[in-house]
Amino acid sequence: DAKTTQPTSMDCAEGRAANLPCNHSTISGNEYVYWYRQIHSQGPQYIIHGLKNNETNEMASLIITEDRKSSTLILPHATLRDTAVYYCIVRSPYAGNNRKLIWGLGTSLGVNP
Amino acid sequence: NAGVTQTPKFQVLKTGQSMTLQCAQDMNHEYMSWYRQDPGMGLRLIHYSVGAGITDQGEVPNGYNVSRSTTEDFPLRLLSAAPSQTSVYFCASSIDKAPTDTQYFGPGTRLTVL
């Protein structure tokens, strides 16, 4: 599975959109982009995933560039509860690939009042 | 649904002691796994299971044993604890059908080995 690069930390004002970038320049054509987050001392939580089209759910939006070499997770109206470490992971769609996930250090997002 | 539950939440052991970290899920997931998380490092896979009676090693299996006698439970055993096993341990489960096999994590067990 391809490796990802994320900024170590970011800050965002409460109520504003938080845009978290992820670089995955070696992504293959059938690999998905997944985002998880980990609120302090808790287990990671799934947010969203996508292949090439933009995706939106009740938590966030995922924008994947046309060449698929990078993506952005958007939290449209960040709250203090969104303060967490956000992980961007690239993985192939085959069953069994949860065993091969590479969890990096993610981006530590601080939401400020 | 309770989701993924882990017990205990905290544990302190002395070097050489043994213990079992418990993990249970009520979502009928085939896939279950154990990770450890250390400061400055990403989650690392210890062991995983694709169903009852089937287990396999992950990235850092040494010093840990697992078994899976039921779909619901996946305990992690430390046979002889060492200070290097001080860590936060997370259990996770998912269906085993990509790409919808998003993982559900438990709240973690914080283990200190003195």
# chains A, B, ... in the order shown; residues from 1 in each chain; ligands from 1
$ interface_residues --of "chain B" --to "chain A" --cutoff "8 Å" --atoms "only C-alpha atoms" --output "number ranges by chain"
B: 40-45, 48, 58, 90, 96-99, 101-108
$ select_by_dssp --residues "stretch 5-90 of chain B" --states "strand (DSSP E or B)" --output "PyMOL selection string"
chain B and resi 5-7+10-13+19-25+31-37+44-51+54-57+64-66+73+76-78+87-90
$ residues_around --residues "stretch 80-82 of chain B" --least-positions-apart "6" --cutoff "7 Å" --atoms "only C-alpha atoms" --output "list in words"
Thr15, Gly16, Gln17, Ser18 and Val113 of chain B
$ write_last_selection --atoms "all heavy atoms" --output "tab-separated table (two decimals), in the first residue's frame"
chain	number	residue	atom	x	y	z
B	15	THR	N	7.63	-6.99	35.91
B	15	THR	CA	8.34	-7.79	34.91
B	15	THR	C	8.20	-9.27	35.23
B	15	THR	O	8.38	-9.69	36.38
B	15	THR	CB	9.82	-7.40	34.87
B	15	THR	OG1	9.93	-6.03	34.47
B	15	THR	CG2	10.60	-8.26	33.90
B	16	GLY	N	7.85	-10.05	34.20
B	16	GLY	CA	7.72	-11.49	34.37
B	16	GLY	C	6.30	-11.96	34.63
B	16	GLY	O	6.01	-13.15	34.48
B	17	GLN	N	5.42	-11.06	35.03
B	17	GLN	CA	4.04	-11.47	35.26
B	17	GLN	C	3.33	-11.71	33.94
B	17	GLN	O	3.73	-11.19	32.89
B	17	GLN	CB	3.29	-10.39	36.06
B	17	GLN	CG	3.68	-10.32	37.52
B	17	GLN	CD	2.84	-9.32	38.30
B	17	GLN	OE1	2.59	-8.20	37.85
B	17	GLN	NE2	2.40	-9.73	39.48
B	18	SER	N	2.26	-12.47	34.01
B	18	SER	CA	1.46	-12.73	32.82
B	18	SER	C	0.07	-12.13	33.03
B	18	SER	O	-0.37	-11.91	34.17
B	18	SER	CB	1.34	-14.22	32.55
B	18	SER	OG	0.67	-14.86	33.62
B	113	VAL	N	4.47	-1.80	32.53
B	113	VAL	CA	5.24	-2.92	33.07
B	113	VAL	C	6.46	-2.36	33.78
B	113	VAL	O	7.29	-1.67	33.18
B	113	VAL	CB	5.68	-3.90	31.96
B	113	VAL	CG1	6.43	-5.09	32.58
B	113	VAL	CG2	4.49	-4.39	31.16
$ residues_around --residues "A:Ala60" --least-positions-apart "2" --cutoff "7 Å" --atoms "only C-alpha atoms" --output "ChimeraX atom specification"
/A:56-58,62,73-76
$ atom_distance --atom1 "atom CA of B:Gly3" --atom2 "atom CA of A:Gly110"
27.5 Å
